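Printed here is upload19.txt (compact mmCIF, C-alpha atoms):
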# COMPACT_ATOMS: atom_id res chain seq x y z
CA MET A 1 114.22 130.63 151.45
CA GLU A 2 116.97 133.25 151.45
CA THR A 3 118.88 133.47 154.71
CA LEU A 4 120.81 136.57 153.67
CA ARG A 5 120.49 139.02 150.78
CA ALA A 6 122.43 142.12 149.79
CA VAL A 7 120.89 144.58 147.33
CA ASN A 8 123.06 147.19 145.59
CA VAL A 9 125.39 147.55 148.59
CA SER A 10 128.11 150.21 148.34
CA LYS A 11 130.80 151.20 150.82
CA SER A 12 133.53 153.84 150.70
CA TYR A 13 136.34 154.93 152.98
CA GLY A 14 136.82 158.58 152.15
CA LYS A 15 137.33 158.80 148.39
CA LEU A 16 138.10 155.09 148.06
CA GLN A 17 135.03 153.09 147.01
CA VAL A 18 135.56 149.58 148.32
CA LEU A 19 132.18 148.02 147.40
CA LYS A 20 130.37 149.03 144.22
CA GLY A 21 126.73 148.00 144.07
CA ILE A 22 127.04 144.45 145.39
CA ASN A 23 124.09 142.11 144.86
CA LEU A 24 124.11 138.61 146.32
CA SER A 25 121.88 136.14 148.10
CA VAL A 26 122.41 132.95 150.08
CA LYS A 27 119.74 130.32 150.48
CA LYS A 28 119.27 128.26 153.62
CA GLY A 29 121.79 125.41 153.67
CA GLU A 30 123.87 126.87 150.85
CA VAL A 31 127.66 127.32 150.86
CA LEU A 32 128.83 130.39 148.96
CA SER A 33 132.55 130.99 148.49
CA ILE A 34 133.97 134.39 147.57
CA ILE A 35 137.32 134.48 145.81
CA GLY A 36 139.40 137.22 144.27
CA PRO A 37 142.67 139.11 144.62
CA SER A 38 143.68 140.89 147.80
CA GLY A 39 142.08 144.31 148.09
CA SER A 40 139.03 143.38 146.05
CA GLY A 41 136.59 144.13 148.90
CA LYS A 42 135.87 140.58 150.06
CA SER A 43 136.55 141.11 153.77
CA THR A 44 134.79 144.49 153.78
CA LEU A 45 131.73 142.83 152.28
CA LEU A 46 131.61 140.26 155.10
CA ARG A 47 132.02 142.97 157.73
CA CYS A 48 129.10 144.85 156.19
CA LEU A 49 126.94 141.72 156.03
CA CYS A 50 127.40 141.06 159.74
CA GLY A 51 126.87 144.69 160.78
CA LEU A 52 130.46 145.44 161.83
CA GLU A 53 130.67 148.10 159.12
CA SER A 54 127.90 150.46 158.09
CA ILE A 55 127.03 150.68 154.41
CA ASP A 56 126.71 153.89 152.42
CA SER A 57 123.83 152.73 150.26
CA GLY A 58 121.83 149.62 149.46
CA GLU A 59 120.06 147.14 151.71
CA ILE A 60 120.90 143.95 153.57
CA TYR A 61 118.25 141.46 154.64
CA ILE A 62 118.47 138.63 157.17
CA ASN A 63 115.62 136.14 156.79
CA ASP A 64 113.81 138.83 154.74
CA GLU A 65 114.14 141.31 157.61
CA PRO A 66 116.08 144.49 156.75
CA LEU A 67 119.33 144.99 158.60
CA ILE A 68 118.74 148.45 160.07
CA ALA A 69 121.02 149.91 162.73
CA ASP A 70 118.25 150.86 165.13
CA ARG A 71 116.52 147.51 164.78
CA PHE A 72 119.43 145.09 165.06
CA SER A 73 121.83 145.57 167.95
CA HIS A 74 125.20 143.82 167.78
CA ARG A 75 123.95 141.50 170.52
CA HIS A 76 120.90 140.57 168.44
CA LEU A 77 122.99 140.14 165.29
CA ALA A 78 125.22 137.69 167.13
CA THR A 79 122.25 135.34 167.39
CA LYS A 80 121.68 135.59 163.61
CA ILE A 81 125.18 135.68 162.15
CA GLY A 82 128.35 133.96 163.33
CA MET A 83 131.61 135.56 162.16
CA ILE A 84 135.00 133.84 162.06
CA PHE A 85 137.96 136.14 161.52
CA GLN A 86 141.52 135.60 160.33
CA SER A 87 142.71 136.16 163.91
CA PHE A 88 141.04 134.09 166.59
CA ASN A 89 140.13 136.86 169.07
CA LEU A 90 139.87 134.49 172.03
CA PHE A 91 140.03 135.82 175.58
CA PRO A 92 143.56 134.80 176.70
CA HIS A 93 142.70 134.49 180.39
CA MET A 94 139.81 132.08 179.74
CA THR A 95 139.85 128.38 178.97
CA SER A 96 138.39 126.99 175.75
CA LEU A 97 135.25 126.07 177.68
CA GLU A 98 134.89 129.53 179.21
CA ASN A 99 135.43 131.24 175.84
CA VAL A 100 132.59 129.23 174.30
CA MET A 101 130.28 129.62 177.32
CA LEU A 102 130.53 133.40 177.63
CA ALA A 103 128.28 134.67 174.83
CA PRO A 104 125.38 132.23 175.39
CA MET A 105 125.31 133.32 179.04
CA LYS A 106 125.75 137.07 178.50
CA VAL A 107 123.70 137.51 175.31
CA LYS A 108 121.15 134.70 175.34
CA GLY A 109 120.78 134.38 179.09
CA LEU A 110 121.60 130.68 179.33
CA SER A 111 122.28 129.34 182.78
CA LYS A 112 125.84 128.36 183.56
CA ARG A 113 124.86 124.68 183.59
CA LYS A 114 123.20 124.82 180.16
CA ALA A 115 125.99 126.96 178.67
CA GLU A 116 128.63 124.54 179.95
CA LYS A 117 126.77 121.55 178.49
CA LEU A 118 126.43 123.31 175.12
CA ALA A 119 130.07 124.41 175.11
CA LYS A 120 131.34 120.90 175.86
CA GLU A 121 129.19 119.46 173.06
CA LEU A 122 130.49 122.01 170.58
CA LEU A 123 134.13 121.57 171.55
CA ILE A 124 133.73 117.83 171.07
CA ARG A 125 132.07 118.56 167.72
CA VAL A 126 135.14 120.49 166.51
CA GLY A 127 137.52 117.82 167.83
CA LEU A 128 138.65 119.56 171.01
CA GLY A 129 136.93 117.54 173.72
CA ASP A 130 140.31 116.94 175.36
CA LYS A 131 141.24 120.66 175.35
CA ILE A 132 138.30 122.18 177.20
CA ASN A 133 140.41 123.39 180.12
CA TYR A 134 143.28 124.73 178.00
CA ARG A 135 143.88 128.45 177.59
CA PRO A 136 144.62 129.89 174.11
CA SER A 137 148.35 130.09 174.83
CA GLN A 138 148.35 126.32 175.31
CA LEU A 139 146.70 125.66 171.94
CA SER A 140 148.00 125.64 168.38
CA GLY A 141 146.66 128.18 165.90
CA GLY A 142 144.41 125.55 164.32
CA GLN A 143 143.02 124.60 167.70
CA GLN A 144 142.39 128.23 168.58
CA GLN A 145 140.49 128.74 165.34
CA ARG A 146 138.38 125.67 166.09
CA VAL A 147 137.54 127.11 169.51
CA ALA A 148 136.51 130.32 167.72
CA ILE A 149 134.23 128.30 165.44
CA ALA A 150 132.68 126.55 168.45
CA ARG A 151 132.17 129.94 170.11
CA ALA A 152 130.29 131.24 167.07
CA LEU A 153 128.20 128.06 166.84
CA ALA A 154 127.23 128.44 170.50
CA MET A 155 124.98 131.35 169.49
CA GLN A 156 123.14 128.98 167.12
CA PRO A 157 123.30 131.47 164.22
CA ASP A 158 121.32 131.23 160.99
CA ILE A 159 124.45 131.78 158.90
CA MET A 160 128.20 131.57 159.42
CA LEU A 161 130.64 133.96 157.75
CA PHE A 162 134.29 132.96 157.43
CA ASP A 163 136.88 135.61 156.58
CA GLU A 164 140.05 133.81 155.46
CA PRO A 165 139.80 131.39 158.40
CA THR A 166 143.11 129.68 157.61
CA SER A 167 145.28 132.61 156.49
CA ALA A 168 146.94 133.05 159.90
CA LEU A 169 147.76 129.35 160.25
CA ASP A 170 150.89 127.39 159.50
CA PRO A 171 150.32 125.20 156.42
CA GLU A 172 150.22 121.95 158.40
CA LEU A 173 147.36 123.29 160.56
CA VAL A 174 145.10 124.41 157.71
CA GLY A 175 143.57 120.99 157.10
CA GLU A 176 142.11 120.57 160.59
CA VAL A 177 140.15 123.82 160.28
CA LEU A 178 138.96 123.06 156.75
CA GLU A 179 137.73 119.65 157.94
CA VAL A 180 135.52 121.32 160.56
CA ILE A 181 134.09 123.71 157.95
CA ALA A 182 133.48 120.83 155.54
CA GLN A 183 131.61 118.94 158.27
CA LEU A 184 129.43 121.99 158.93
CA ALA A 185 128.59 122.06 155.23
CA LYS A 186 127.56 118.39 155.34
CA GLU A 187 125.32 119.19 158.30
CA GLY A 188 123.53 121.88 156.29
CA MET A 189 124.97 125.04 157.85
CA THR A 190 124.44 128.13 155.69
CA MET A 191 127.86 129.69 155.06
CA ILE A 192 129.69 132.41 153.19
CA ILE A 193 133.42 131.74 152.97
CA VAL A 194 136.06 134.22 151.84
CA THR A 195 139.09 132.10 151.09
CA HIS A 196 142.33 131.72 149.15
CA GLU A 197 142.04 127.93 149.52
CA MET A 198 140.82 127.47 145.96
CA LEU A 199 140.66 123.69 145.81
CA PHE A 200 138.65 123.70 149.02
CA ALA A 201 136.27 126.33 147.61
CA LYS A 202 135.88 124.28 144.45
CA GLU A 203 135.03 121.16 146.44
CA ILE A 204 132.75 122.54 149.15
CA SER A 205 130.77 125.32 147.45
CA ASN A 206 127.34 125.31 145.91
CA ARG A 207 128.18 128.64 144.28
CA VAL A 208 131.31 130.74 143.85
CA ILE A 209 131.63 134.51 143.42
CA PHE A 210 134.70 136.15 141.91
CA MET A 211 135.27 139.73 143.10
CA ASP A 212 137.70 142.33 141.82
CA GLU A 213 138.01 146.06 142.56
CA GLY A 214 134.87 146.14 144.69
CA SER A 215 132.55 144.45 142.19
CA ILE A 216 131.22 140.96 141.57
CA ILE A 217 132.76 140.08 138.22
CA GLU A 218 131.40 136.57 137.82
CA GLU A 219 129.14 134.17 139.70
CA GLY A 220 128.26 130.54 139.14
CA SER A 221 128.77 126.94 140.15
CA PRO A 222 132.29 125.74 140.96
CA GLN A 223 132.36 124.07 137.54
CA GLU A 224 131.42 127.33 135.83
CA ILE A 225 133.89 129.50 137.75
CA PHE A 226 136.91 127.21 137.95
CA VAL A 227 136.58 125.09 134.79
CA ASN A 228 134.65 127.31 132.36
CA PRO A 229 135.01 130.94 133.50
CA SER A 230 133.45 133.34 131.03
CA ASN A 231 135.05 136.59 132.19
CA PRO A 232 138.64 137.36 131.10
CA ARG A 233 139.47 138.76 134.55
CA THR A 234 138.41 135.49 136.19
CA ARG A 235 140.49 133.50 133.71
CA ALA A 236 143.53 135.71 134.31
CA PHE A 237 143.16 135.35 138.10
CA LEU A 238 143.00 131.54 137.89
CA ARG A 239 145.98 131.39 135.52
CA ARG A 240 148.11 133.16 138.10
CA LEU A 241 147.16 130.49 140.66
CA LEU A 242 148.10 127.47 138.53
CA PRO A 243 151.74 127.28 139.71
CA HIS A 244 150.50 127.03 143.30
CA PHE A 245 147.43 124.78 142.99
CA GLY A 246 148.21 122.83 139.81
CA SER A 247 145.96 121.96 136.90
CA SER A 248 143.44 120.20 139.16
CA LEU A 249 142.12 123.68 140.01
CA ILE A 250 140.75 124.16 136.49
CA GLU A 251 139.91 120.58 135.55
CA GLY A 252 136.38 119.19 135.49
CA GLU A 253 135.45 116.06 137.39
CA LYS A 254 134.78 114.07 134.24
CA GLU A 255 136.63 116.02 131.56
CA ASN A 256 140.21 116.75 132.56
CA GLU A 257 140.41 119.51 130.01
CA VAL A 258 141.97 122.86 130.78
CA ARG A 259 139.80 125.65 129.41
CA LEU A 260 141.65 128.83 130.31
When written as structure tokens, how does the structure in this file appear?
Amino acid sequence: METLRAVNVSKSYGKLQVLKGINLSVKKGEVLSIIGPSGSGKSTLLRCLCGLESIDSGEIYINDEPLIADRFSHRHLATKIGMIFQSFNLFPHMTSLENVMLAPMKVKGLSKRKAEKLAKELLIRVGLGDKINYRPSQLSGGQQQRVAIARALAMQPDIMLFDEPTSALDPELVGEVLEVIAQLAKEGMTMIIVTHEMLFAKEISNRVIFMDEGSIIEEGSPQEIFVNPSNPRTRAFLRRLLPHFGSSLIEGEKENEVRL
């Protein structure tokens, strides 16, 4: 069953066309990673998929139900789609616990007791059981991002979207956030991840999409995209990344043969 599907989605800002007829689908329990150069439309696509940006043409479906402005309010969408941004967007005057409790109480109508129980469980789940009474200013960037993940999970969404979740973090803090995302994948959470962490995308994904200039250039398994890319633009993109990630980025699990 498809959790989310985009059909011929286009988006422009003035004369600049950012998305050009995007078609994609994500099945329940699948992890889809989207890679590509900066400015290729990846983040705009996620913002359209979660209803933060309107689309100019095309259709988006959530559980086979069309995403139509007058049918899905932002409050309703929050129960279907969880969105994790580059910045953490936590309320600075609230503790970790209060940040996670807020939406279930305000949007879903949970009692304070039930919301607090859920929030504590989720903060423990992301490794922050000892930080429930800390405010954002008392947390590292990685910890703040994990609180943001717990907050999104508190709405019990059908799919989670991650927009460069580690790009605002110091390098030593990236791993703790990626570990949480990897655990969600093991638990069967449906996810779309826009990321520059290529080795992570290669390891965690069921499928990978390469975008450039507002279009999907190539789509396939991690093996197909990273080890045997068929499109010259994909190959050129991966070549530029080799000095940073090393040859393991483009090596197969069994055949350590570079094919670019």
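Here atom CA of Asp170 of chain A stands at a distance of 15.7 Å from atom CA of Phe85 of chain A.
Counting from atom CA of Leu49 of chain A, the distance to atom CA of Arg151 of chain A is 19.1 Å.
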Among the residues A:Lys108, A:His244, A:Arg233, A:Arg47, the one that comes closest to Met83 of chain A [using all atoms listed in the file]: A:Arg47
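The spacing separating atom CA of Asn23 of chain A from atom CA of Leu45 of chain A amounts to 10.7 Å.
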Which residue of A:Ile35, A:Leu16, A:Leu173, A:Met1 approaches Gly220 of chain A most closely, using only C-alpha atoms: A:Ile35
Neighbour list for segment 114-129 of chain A as a VMD selection string, cut-off 8 Å, only C-alpha atoms, skip fewer than 2 positions in-chain: chain A and resid 97 100 to 102 104 to 105 110 to 112 131 to 132 143 146 to 147 149 to 151 153 to 154 180
Next, dump the selected residues to file, keeping only C-alpha atoms, as a PDB file, keeping the file's coordinate frame.
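Saved to selection.pdb:
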ATOM      1  CA  LEU A  97     135.250 126.070 177.680  1.00  0.00           C
ATOM      2  CA  VAL A 100     132.590 129.230 174.300  1.00  0.00           C
ATOM      3  CA  MET A 101     130.280 129.620 177.320  1.00  0.00           C
ATOM      4  CA  LEU A 102     130.530 133.400 177.630  1.00  0.00           C
ATOM      5  CA  PRO A 104     125.380 132.230 175.390  1.00  0.00           C
ATOM      6  CA  MET A 105     125.310 133.320 179.040  1.00  0.00           C
ATOM      7  CA  LEU A 110     121.600 130.680 179.330  1.00  0.00           C
ATOM      8  CA  SER A 111     122.280 129.340 182.780  1.00  0.00           C
ATOM      9  CA  LYS A 112     125.840 128.360 183.560  1.00  0.00           C
ATOM     10  CA  LYS A 131     141.240 120.660 175.350  1.00  0.00           C
ATOM     11  CA  ILE A 132     138.300 122.180 177.200  1.00  0.00           C
ATOM     12  CA  GLN A 143     143.020 124.600 167.700  1.00  0.00           C
ATOM     13  CA  ARG A 146     138.380 125.670 166.090  1.00  0.00           C
ATOM     14  CA  VAL A 147     137.540 127.110 169.510  1.00  0.00           C
ATOM     15  CA  ILE A 149     134.230 128.300 165.440  1.00  0.00           C
ATOM     16  CA  ALA A 150     132.680 126.550 168.450  1.00  0.00           C
ATOM     17  CA  ARG A 151     132.170 129.940 170.110  1.00  0.00           C
ATOM     18  CA  LEU A 153     128.200 128.060 166.840  1.00  0.00           C
ATOM     19  CA  ALA A 154     127.230 128.440 170.500  1.00  0.00           C
ATOM     20  CA  VAL A 180     135.520 121.320 160.560  1.00  0.00           C
TER      21      VAL A 180
END
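Of the listed residues (A:Leu19, A:Leu4, A:Leu77, A:Met189), A:Leu77 comes nearest to Val107 of chain A; the distances count all atoms listed in the file.
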Expected residue set, 8 Å radius at (130.0, 127.9, 141.1), only C-alpha atoms, as a PyMOL selection string: chain A and resi 202+205-209+219-226
Could you name the residues that touch Gly82 of chain A at 9 Å or less, counting only C-alpha atoms, but leaving out those on the same chain fewer than 2 positions away, as a PDB file with C-alpha atoms, keeping the file's coordinate frame?
ATOM      1  CA  CYS A  50     127.400 141.060 159.740  1.00  0.00           C
ATOM      2  CA  LEU A  77     122.990 140.140 165.290  1.00  0.00           C
ATOM      3  CA  ALA A  78     125.220 137.690 167.130  1.00  0.00           C
ATOM      4  CA  THR A  79     122.250 135.340 167.390  1.00  0.00           C
ATOM      5  CA  LYS A  80     121.680 135.590 163.610  1.00  0.00           C
ATOM      6  CA  ILE A  84     135.000 133.840 162.060  1.00  0.00           C
ATOM      7  CA  ILE A 149     134.230 128.300 165.440  1.00  0.00           C
ATOM      8  CA  ARG A 151     132.170 129.940 170.110  1.00  0.00           C
ATOM      9  CA  ALA A 152     130.290 131.240 167.070  1.00  0.00           C
ATOM     10  CA  LEU A 153     128.200 128.060 166.840  1.00  0.00           C
ATOM     11  CA  MET A 155     124.980 131.350 169.490  1.00  0.00           C
ATOM     12  CA  GLN A 156     123.140 128.980 167.120  1.00  0.00           C
ATOM     13  CA  PRO A 157     123.300 131.470 164.220  1.00  0.00           C
ATOM     14  CA  ASP A 158     121.320 131.230 160.990  1.00  0.00           C
ATOM     15  CA  ILE A 159     124.450 131.780 158.900  1.00  0.00           C
ATOM     16  CA  MET A 160     128.200 131.570 159.420  1.00  0.00           C
ATOM     17  CA  LEU A 161     130.640 133.960 157.750  1.00  0.00           C
ATOM     18  CA  PHE A 162     134.290 132.960 157.430  1.00  0.00           C
TER      19      PHE A 162
END
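With only C-alpha atoms as the atoms that count, the minimum distance from Leu24 of chain A to the choices A:Ser215, A:Gln145, A:Thr44, A:Asn228 is reached by A:Ser215.
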Please give the centre and size of the box around segment 35-50 of chain A (axis-aligned, containing every atom listed in the file, 3 Å added per side), with values in Å to one decimal and written as AutoDock Vina command-line options.
--center_x 135.3 --center_y 139.7 --center_z 152.0 --size_x 22.7 --size_y 16.4 --size_z 21.5
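Using only C-alpha atoms for every distance, the candidate list A:Tyr61, A:Pro165, A:Phe245, A:Leu178 yields A:Tyr61 as the residue closest to Val26 of chain A.
Using all atoms listed in the file for every distance, the candidate list A:Gln138, A:Ser33, A:Gln17, A:Ser57 yields A:Ser33 as the residue closest to Glu197 of chain A.
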Point (145.4, 123.4, 160.2) neighbourhood (9 Å, all atoms listed in the file) written as an NGL selection string: :A and (140-143 or 145 or 166 or 169-179)
